[in-house]
Every structure is written in C-alpha cells, then in structure tokens.
>>> print(open('model11.csv').read())   # CSV, C-alpha atoms
chain,number,residue,atom,x,y,z
A,787,MET,CA,0.0,0.0,0.0
A,788,SER,CA,1.5,3.4,-1.0
A,789,SER,CA,2.0,6.2,1.4
A,790,PHE,CA,-0.7,8.2,-0.4
A,791,THR,CA,-3.2,5.4,0.0
A,792,LYS,CA,-2.2,4.9,3.7
A,793,ALA,CA,-2.7,8.6,4.4
A,794,PHE,CA,-6.2,8.7,3.0
A,795,SER,CA,-7.2,5.4,4.6
A,796,SER,CA,-6.3,6.6,8.0
A,797,THR,CA,-8.8,8.2,10.3
A,798,LEU,CA,-7.3,11.7,9.7
A,799,GLY,CA,-7.3,11.1,6.0
A,800,LYS,CA,-11.0,10.2,6.1
A,801,LYS,CA,-11.7,13.3,8.1
A,802,LEU,CA,-9.8,15.4,5.5
A,803,ILE,CA,-11.9,13.9,2.7
A,804,MET,CA,-15.0,14.7,4.7
A,805,SER,CA,-13.9,18.2,5.3
A,806,LEU,CA,-13.0,18.9,1.7
A,807,THR,CA,-16.2,17.3,0.3
A,808,GLY,CA,-18.3,19.0,2.9
A,809,LEU,CA,-16.9,22.5,2.1
A,810,PHE,CA,-17.4,21.9,-1.6
A,811,LEU,CA,-21.0,21.0,-0.9
A,812,CYS,CA,-21.4,24.2,1.1
A,813,LEU,CA,-20.3,26.2,-2.0
A,814,PHE,CA,-22.7,24.2,-4.1
A,815,LEU,CA,-25.6,25.1,-1.8
A,816,ILE,CA,-24.9,28.8,-2.3
A,817,VAL,CA,-25.1,28.4,-6.1
A,818,HIS,CA,-28.1,26.1,-5.9
A,819,LEU,CA,-29.9,28.6,-3.6
A,820,LEU,CA,-29.3,31.6,-5.9
A,821,GLY,CA,-30.7,29.6,-8.8
A,822,ASN,CA,-33.8,28.4,-6.8
A,823,LEU,CA,-34.6,31.9,-5.9
A,824,GLN,CA,-36.1,32.2,-9.4
A,825,LEU,CA,-39.1,30.4,-7.9
A,826,PHE,CA,-40.1,33.6,-6.2
A,827,LYS,CA,-40.5,35.4,-9.5
A,828,HIS,CA,-44.0,35.9,-11.0
A,829,ASP,CA,-43.1,34.7,-14.5
A,830,ASP,CA,-44.8,31.3,-14.8
A,831,GLY,CA,-41.5,29.6,-14.1
A,832,MET,CA,-39.6,31.0,-17.1
A,833,ALA,CA,-36.5,32.1,-15.1
A,834,PHE,CA,-36.4,28.8,-13.2
A,835,ASN,CA,-36.8,26.7,-16.3
A,836,VAL,CA,-34.0,28.6,-18.1
A,837,TYR,CA,-31.8,28.1,-15.0
A,838,SER,CA,-32.6,24.4,-14.9
A,839,HIS,CA,-31.6,24.0,-18.5
A,840,PHE,CA,-28.3,26.0,-17.9
A,841,MET,CA,-27.4,23.8,-14.9
A,842,THR,CA,-27.9,20.6,-16.8
A,843,HIS,CA,-26.4,21.5,-20.2
A,844,PHE,CA,-23.5,24.1,-19.7
A,845,PRO,CA,-20.4,21.9,-20.0
A,846,PRO,CA,-18.4,23.3,-17.0
A,847,ILE,CA,-21.4,23.0,-14.8
A,848,LYS,CA,-22.0,19.5,-15.9
A,849,ILE,CA,-18.4,18.6,-14.9
A,850,ILE,CA,-18.8,20.2,-11.5
A,851,SER,CA,-22.1,18.3,-11.1
A,852,TYR,CA,-20.3,15.0,-11.5
A,853,LEU,CA,-17.8,16.2,-8.8
A,854,LEU,CA,-20.9,17.0,-6.7
A,855,TYR,CA,-22.3,13.6,-7.0
A,856,LEU,CA,-19.0,12.0,-6.1
A,857,SER,CA,-18.6,14.4,-3.1
A,858,ILE,CA,-22.0,13.4,-1.8
A,859,VAL,CA,-21.2,9.7,-2.1
A,860,LEU,CA,-17.7,10.1,-0.5
A,861,HIS,CA,-19.0,12.3,2.3
A,862,ALA,CA,-21.7,9.8,3.2
A,863,ILE,CA,-19.5,6.8,3.0
A,864,TYR,CA,-16.7,8.2,5.1
A,865,ALA,CA,-19.1,9.7,7.6
A,866,LEU,CA,-20.6,6.2,8.0
A,867,ILE,CA,-17.1,4.6,8.4
A,868,ILE,CA,-16.0,7.2,11.0
A,869,THR,CA,-19.2,6.9,12.9
A,870,ILE,CA,-19.0,3.1,13.1
A,871,ARG,CA,-15.4,3.2,14.1
A,872,ASN,CA,-16.0,5.8,16.8
A,873,ASN,CA,-18.9,3.9,18.2
A,874,SER,CA,-16.9,0.7,18.3
A,875,ALA,CA,-14.1,2.5,20.1
A,876,ARG,CA,-16.5,3.7,22.8
A,877,ARG,CA,-16.9,0.5,24.8
A,878,VAL,CA,-17.5,2.5,28.0
A,879,ARG,CA,-20.7,4.4,27.3
A,880,TYR,CA,-20.3,6.8,30.2
A,881,ALA,CA,-17.5,8.5,28.4
A,882,VAL,CA,-20.0,9.8,25.8
A,883,TYR,CA,-22.0,11.5,28.5
A,884,LYS,CA,-19.0,12.8,30.2
A,885,GLY,CA,-17.8,14.5,27.1
A,886,SER,CA,-21.2,15.8,26.0
A,887,ALA,CA,-21.0,18.8,28.4
A,888,ASN,CA,-18.3,20.3,26.2
A,889,SER,CA,-20.0,19.5,22.8
A,890,THR,CA,-23.0,20.9,21.0
A,891,TRP,CA,-26.2,19.0,20.3
A,892,SER,CA,-25.5,19.1,16.6
A,893,SER,CA,-22.0,17.7,17.0
A,894,ARG,CA,-23.3,14.7,19.0
A,895,ASN,CA,-26.0,14.0,16.5
A,896,MET,CA,-24.2,14.5,13.1
A,897,GLY,CA,-24.9,10.9,12.2
A,898,ILE,CA,-28.7,11.3,12.6
A,899,LEU,CA,-28.7,14.6,10.9
A,900,GLY,CA,-26.6,13.3,8.0
A,901,THR,CA,-29.0,10.3,7.6
A,902,VAL,CA,-32.0,12.6,7.4
A,903,LEU,CA,-30.2,14.7,4.8
A,904,LEU,CA,-29.2,11.6,2.8
A,905,ILE,CA,-32.7,10.3,2.7
A,906,PHE,CA,-33.9,13.8,1.6
A,907,ILE,CA,-31.3,14.1,-1.1
A,908,VAL,CA,-32.3,10.7,-2.6
A,909,VAL,CA,-36.0,11.7,-2.6
A,910,HIS,CA,-35.2,15.2,-3.9
A,911,MET,CA,-33.0,14.0,-6.8
A,912,ASN,CA,-35.6,11.4,-7.7
A,913,ASN,CA,-38.4,13.9,-7.9
A,914,PHE,CA,-36.5,16.7,-9.7
A,915,TRP,CA,-33.1,15.6,-11.2
A,916,ALA,CA,-34.3,12.2,-12.5
A,917,GLU,CA,-37.6,13.7,-13.6
A,918,TYR,CA,-35.9,16.4,-15.5
A,919,HIS,CA,-33.6,14.0,-17.3
A,920,TRP,CA,-35.9,11.0,-17.9
A,921,GLY,CA,-39.4,11.9,-16.8
A,922,GLY,CA,-40.7,13.1,-20.2
A,923,LEU,CA,-41.6,16.6,-18.9
A,924,PRO,CA,-43.8,18.8,-21.1
A,925,PHE,CA,-42.3,21.9,-22.8
A,926,ILE,CA,-43.6,25.5,-22.4
A,927,LYS,CA,-43.2,28.5,-24.6
A,928,TYR,CA,-42.6,32.0,-23.4
A,929,GLU,CA,-42.9,35.0,-25.7
A,930,THR,CA,-41.8,38.2,-24.1
A,931,SER,CA,-42.3,41.6,-25.7
A,932,LEU,CA,-39.0,43.4,-26.5
A,933,THR,CA,-40.6,46.7,-25.5
A,934,ASP,CA,-42.5,45.6,-22.4
A,935,PRO,CA,-40.9,42.9,-20.3
A,936,HIS,CA,-44.2,42.5,-18.4
A,937,ASP,CA,-46.0,41.5,-21.6
A,938,VAL,CA,-45.4,37.7,-21.7
A,939,LYS,CA,-47.5,35.2,-23.6
A,940,VAL,CA,-47.2,31.7,-22.1
A,941,THR,CA,-48.2,28.6,-24.1
A,942,LYS,CA,-48.0,25.0,-23.0
A,943,LEU,CA,-46.8,22.9,-25.9
A,944,PRO,CA,-48.6,19.5,-26.3
A,945,TYR,CA,-46.4,16.6,-27.3
A,946,ASP,CA,-46.8,16.1,-31.1
A,947,GLY,CA,-44.6,13.0,-31.5
A,948,HIS,CA,-41.5,15.0,-32.4
A,949,GLN,CA,-38.4,15.5,-30.1
A,950,MET,CA,-38.4,19.0,-28.7
A,951,SER,CA,-35.4,20.8,-27.3
A,952,HIS,CA,-34.6,24.0,-25.4
A,953,THR,CA,-34.6,27.0,-27.7
A,954,GLU,CA,-34.1,30.7,-27.3
A,955,TYR,CA,-34.3,33.2,-30.1
A,956,VAL,CA,-35.7,36.7,-31.0
A,957,ASP,CA,-38.7,36.9,-33.3
A,958,VAL,CA,-38.0,40.3,-34.9
A,959,GLN,CA,-41.1,40.4,-36.9
A,960,ALA,CA,-43.3,39.8,-33.8
A,961,GLY,CA,-41.1,41.9,-31.6
A,962,ARG,CA,-40.7,39.2,-29.0
A,963,GLN,CA,-38.0,37.2,-27.2
A,964,VAL,CA,-39.0,33.5,-27.5
A,965,VAL,CA,-37.9,30.8,-25.0
A,966,ILE,CA,-39.0,27.2,-25.4
A,967,ALA,CA,-38.1,25.2,-22.3
A,968,LYS,CA,-38.7,21.9,-20.5
A,969,ASP,CA,-41.2,22.7,-17.8
A,970,LEU,CA,-39.6,21.6,-14.5
A,971,ASN,CA,-41.4,24.4,-12.7
A,972,ILE,CA,-44.7,22.5,-13.0
A,973,ILE,CA,-43.3,19.6,-11.1
A,974,VAL,CA,-42.0,22.0,-8.4
A,975,MET,CA,-45.4,23.7,-8.1
A,976,ASP,CA,-47.3,20.3,-7.9
A,977,LEU,CA,-45.0,18.8,-5.2
A,978,PHE,CA,-44.9,22.0,-3.1
A,979,LYS,CA,-48.7,21.8,-2.9
A,980,ILE,CA,-48.5,18.5,-1.0
A,981,TRP,CA,-48.5,19.2,2.7
A,982,TRP,CA,-46.4,16.2,3.7
A,983,TYR,CA,-43.8,16.9,1.1
A,984,VAL,CA,-43.6,20.5,2.3
A,985,ALA,CA,-43.3,19.2,5.9
A,986,LEU,CA,-40.5,16.8,4.8
A,987,TYR,CA,-38.7,19.6,3.1
A,988,VAL,CA,-38.8,22.0,6.1
A,989,VAL,CA,-37.7,19.2,8.5
A,990,ALA,CA,-34.8,18.4,6.2
A,991,MET,CA,-33.8,22.0,6.0
A,992,ALA,CA,-33.8,22.2,9.8
A,993,ALA,CA,-31.6,19.2,9.9
A,994,MET,CA,-29.3,20.8,7.3
A,995,GLY,CA,-29.0,23.9,9.4
A,996,PHE,CA,-27.8,21.9,12.4
A,997,HIS,CA,-25.6,19.8,10.2
A,998,LEU,CA,-24.0,22.7,8.5
A,999,TYR,CA,-23.5,24.7,11.7
A,1000,HIS,CA,-21.2,22.1,13.1
A,1001,GLY,CA,-19.8,20.7,9.8
A,1002,PHE,CA,-18.7,24.1,8.5
A,1003,GLN,CA,-16.7,24.9,11.6
A,1004,SER,CA,-15.4,21.4,12.0
A,1005,GLY,CA,-14.2,21.3,8.4
A,1006,PHE,CA,-12.0,24.4,8.9
A,1007,GLN,CA,-10.7,22.9,12.1
A,1008,THR,CA,-9.8,19.6,10.5
A,1009,LEU,CA,-7.9,21.4,7.7
A,1010,GLY,CA,-6.1,23.5,10.2
A,1011,TRP,CA,-7.6,26.7,8.9
A,1012,ASP,CA,-9.2,27.8,12.3
A,1013,HIS,CA,-6.5,30.3,13.4
A,1014,THR,CA,-7.7,32.4,16.3
A,1015,LYS,CA,-7.6,35.5,14.1
A,1016,TYR,CA,-10.2,34.0,11.7
A,1017,LYS,CA,-12.2,31.8,14.0
A,1018,PRO,CA,-14.8,34.5,14.9
A,1019,ILE,CA,-15.5,34.9,11.2
A,1020,ILE,CA,-15.7,31.1,10.6
A,1021,ASP,CA,-18.1,30.8,13.6
A,1022,PHE,CA,-20.2,33.7,12.4
A,1023,VAL,CA,-20.5,32.4,8.8
A,1024,GLY,CA,-21.1,28.8,10.1
A,1025,LEU,CA,-23.9,29.9,12.4
A,1026,TRP,CA,-25.7,32.7,10.5
A,1027,VAL,CA,-25.0,31.9,6.8
A,1028,PHE,CA,-25.0,28.1,6.8
A,1029,GLY,CA,-26.8,27.3,10.0
A,1030,ILE,CA,-29.7,29.8,9.7
A,1031,ILE,CA,-30.0,31.9,6.5
A,1032,ILE,CA,-29.4,29.3,3.8
A,1033,PRO,CA,-31.7,26.6,5.4
A,1034,ALA,CA,-34.3,29.2,6.2
A,1035,VAL,CA,-34.5,30.5,2.6
A,1036,PHE,CA,-34.6,27.0,1.2
A,1037,ALA,CA,-37.4,26.2,3.6
A,1038,ALA,CA,-39.3,29.4,2.6
A,1039,MET,CA,-39.6,28.2,-1.0
A,1040,PRO,CA,-42.1,25.3,-0.5
A,1041,LEU,CA,-43.9,27.3,2.2
A,1042,TYR,CA,-44.3,30.2,-0.2
A,1043,VAL,CA,-45.6,28.0,-3.0
A,1044,TYR,CA,-48.0,26.1,-0.6
A,1045,PHE,CA,-49.5,29.1,1.0
A,1046,PHE,CA,-49.3,31.9,-1.6
A,1047,LYS,CA,-49.3,30.3,-5.1
>>> encode(input="model11.csv", output="structure tokens")
Amino acid sequence: MSSFTKAFSSTLGKKLIMSLTGLFLCLFLIVHLLGNLQLFKHDDGMAFNVYSHFMTHFPPIKIISYLLYLSIVLHAIYALIITIRNNSARRVRYAVYKGSANSTWSSRNMGILGTVLLIFIVVHMNNFWAEYHWGGLPFIKYETSLTDPHDVKVTKLPYDGHQMSHTEYVDVQAGRQVVIAKDLNIIVMDLFKIWWYVALYVVAMAAMGFHLYHGFQSGFQTLGWDHTKYKPIIDFVGLWVFGIIIPAVFAAMPLYVYFFK
C-alpha cells in the first residue's frame, strides 16, 4: 500500500476527505440557492426553467455536477465509516455522556442529521433531477415583448410526437423574445402543494441547518484553517449563513408556494 493510500485510509485522511467534500457541498448550496430563488418570480416559471436548462447543459457546470455527486457519495461513506469506528471505540458508554458537556447537540447527532439529509437528497433527486432527465416533462413556450418585459405570452406545448429541445431566439417580426423550455417548474409547483412533502422539506432544511452549523466549523478545524484570528469569522459564517440563513431561505420556498401560489 502506497503512502498516499495509507494517508487517506487513516482516520485523519477520512476526516480530511469529509472536510473537503463538505466545504465543496457548502459552495454548491450557495449556487443552488441563488438559482432556486427564481421560484419567487412571478413569470410562470420562465427564469427557473431557463436556470434548470443551464445547470444541466452548460459543460463546465456538468463537470462540476459530477464532482458534486462524487462528493455526496464520498461524504456519506466516510461519515458512516468514521461513525461506526467511533462507536466501536466507545466501549465504555459513560465517556460519551462525560464529554457531552463540552459539545453541542448538533456535533453529538451528526450521524442522525446526516442520515435525514441523505434520505432527503435521494427523494429530492428522484423527484427533480431524475424527472428532468428522464421523466418526459412537457415543454412550455414564453414570448416576451421586446418593448414591455411584463407582456409575456405563455403557451403549454402539447407533445406532437417530435423531439423538442430547449430553444431561445428573437422573433424580430413579432417583436418578441422567445424561449421554449422543459417545464420543470410545473413539477415543483405540484410537489410544493402537497402538505407532507412541504413538511419533509422543512424538516430536512432544519436538519441541514444543524448539520452545516457544526460541519462548516469542523471542516476548517480539521484542515487547520481555524486560526484564532479568523475563528470568529468562521463561527459567524457557520452559524448565520450556513446554520440559519441558507436553510431558512430553502425552507421558505415550499412554504411560499404552498400558502401563496
């Protein structure tokens, strides 16, 4: 076994992989959140559908998405291995309770929080990612006036037996910007009208908040980037940005659709 393999098969190596993949997932969440904010627009899903096409067809984004999938798998596998190893090492259970006074609730329950998130990710990707790629979604046509951006004609395109694709062009004669897009927005609107799915989403976002609050700070600590000079900033970002703001905005989306759309 090479020294490289030994390094990353050690407990410290596994924690380093978890930290790197976890911080990468944190960056992805920011991008994903910015894109999903399009759901708040009153444009019949045009901005969200254009964003969905961009995220699944722009080559650099597609490459990053493969790294994302790999990161999720590695993060989950190494978390499971470390949790099992730690539990096996704690033969005297009172040591857990003795140490709990100096640890947060989220740090003591990262395994449970991570499991909730993993289940949610599987359900989420099945409902949206898989549906977008292989679900046979309908297409929708948006025609926006070049002189009045509020003048938008929306037409649902029935399947006519021909393969349709995402199209954007300017109809000079009609004076309109035309966008023909796969309508993922309709799936989002339908699911976010189901009370139990909204509840699942909100609970998962709460779990994500606790998970990110501890994980973000722990990642920097494992990588040795928690110098006392920067620790207050790391703690602030971990709590307010990843622990509260990002999960809260994600949770607000299904709630907004359920109660106001």
>>> residues_around(input="model11.csv", residues="A:Phe826", least_positions_apart="2", cutoff="10 Å", atoms="all atoms listed in the file", output="ChimeraX atom specification")
/A:822-824,828-829,831,833-834,1038-1039,1042-1043,1047
>>> write_last_selection(input="model11.csv", atoms="C-alpha atoms", output="PDB file, in the frame of the given file")
ATOM      1  CA  ASN A 822     -33.800  28.400  -6.800  1.00  0.00           C
ATOM      2  CA  LEU A 823     -34.600  31.900  -5.900  1.00  0.00           C
ATOM      3  CA  GLN A 824     -36.100  32.200  -9.400  1.00  0.00           C
ATOM      4  CA  HIS A 828     -44.000  35.900 -11.000  1.00  0.00           C
ATOM      5  CA  ASP A 829     -43.100  34.700 -14.500  1.00  0.00           C
ATOM      6  CA  GLY A 831     -41.500  29.600 -14.100  1.00  0.00           C
ATOM      7  CA  ALA A 833     -36.500  32.100 -15.100  1.00  0.00           C
ATOM      8  CA  PHE A 834     -36.400  28.800 -13.200  1.00  0.00           C
ATOM      9  CA  ALA A1038     -39.300  29.400   2.600  1.00  0.00           C
ATOM     10  CA  MET A1039     -39.600  28.200  -1.000  1.00  0.00           C
ATOM     11  CA  TYR A1042     -44.300  30.200  -0.200  1.00  0.00           C
ATOM     12  CA  VAL A1043     -45.600  28.000  -3.000  1.00  0.00           C
ATOM     13  CA  LYS A1047     -49.300  30.300  -5.100  1.00  0.00           C
TER      14      LYS A1047
END
>>> atom_distance(input="model11.csv", atom1="atom CA of A:Glu929", atom2="atom CA of A:Gln963")
5.6 Å
>>> residues_around(input="model11.csv", residues="A:Trp982", least_positions_apart="4", cutoff="12 Å", atoms="all atoms listed in the file", output="list in words")
Leu977, Phe978, Leu986, Tyr987, Val988, Val989, Pro1040, Leu1041 and Tyr1044 of chain A
>>> atom_distance(input="model11.csv", atom1="atom CA of A:Val965", atom2="atom CA of A:Tyr918")
17.4 Å
>>> atom_distance(input="model11.csv", atom1="atom CA of A:Met832", atom2="atom CA of A:Asp957")
17.3 Å
>>> residues_around(input="model11.csv", residues="A:Phe1022", least_positions_apart="5", cutoff="10 Å", atoms="only C-alpha atoms", output="PyMOL selection string")
chain A and resi 999+1003+1017+1027-1029
>>> write_last_selection(input="model11.csv", atoms="C-alpha atoms", output="CSV table (one decimal), keeping the file's coordinate frame")
chain,number,residue,atom,x,y,z
A,999,TYR,CA,-23.5,24.7,11.7
A,1003,GLN,CA,-16.7,24.9,11.6
A,1017,LYS,CA,-12.2,31.8,14.0
A,1027,VAL,CA,-25.0,31.9,6.8
A,1028,PHE,CA,-25.0,28.1,6.8
A,1029,GLY,CA,-26.8,27.3,10.0
>>> closest_residue(input="model11.csv", among="A:Phe1045, A:Tyr983, A:Trp1026, A:Tyr864", to="A:Gly808", atoms="only C-alpha atoms")
A:Tyr864
>>> closest_residue(input="model11.csv", among="A:Arg962, A:Lys968, A:Lys848, A:His936", to="A:Pro924", atoms="only C-alpha atoms")
A:Lys968
>>> residues_around(input="model11.csv", residues="A:Ser805", least_positions_apart="3", cutoff="7 Å", atoms="all atoms listed in the file", output="ChimeraX atom specification")
/A:801-802,808-809,1005,1008
>>> closest_residue(input="model11.csv", among="A:Leu932, A:Leu923, A:Ile1019, A:Leu811", to="A:Met950", atoms="all atoms listed in the file")
A:Leu923
>>> closest_residue(input="model11.csv", among="A:Tyr955, A:Phe1036, A:Tyr1016, A:Phe840", to="A:Val984", atoms="all atoms listed in the file")
A:Phe1036
>>> closest_residue(input="model11.csv", among="A:His910, A:Arg894, A:His1000, A:His1013", to="A:Thr869", atoms="all atoms listed in the file")
A:Arg894
>>> residues_near_point(input="model11.csv", point="(-15.6, 13.0, -1.0)", cutoff="8 Å", atoms="all atoms listed in the file", output="list in words")
Ile803, Met804, Leu806, Thr807, Gly808, Leu856, Ser857, Ile858, Val859, Leu860, His861 and Tyr864 of chain A
>>> closest_residue(input="model11.csv", among="A:Ile847, A:Ile905, A:Leu1025, A:Val836", to="A:Val964", atoms="all atoms listed in the file")
A:Val836
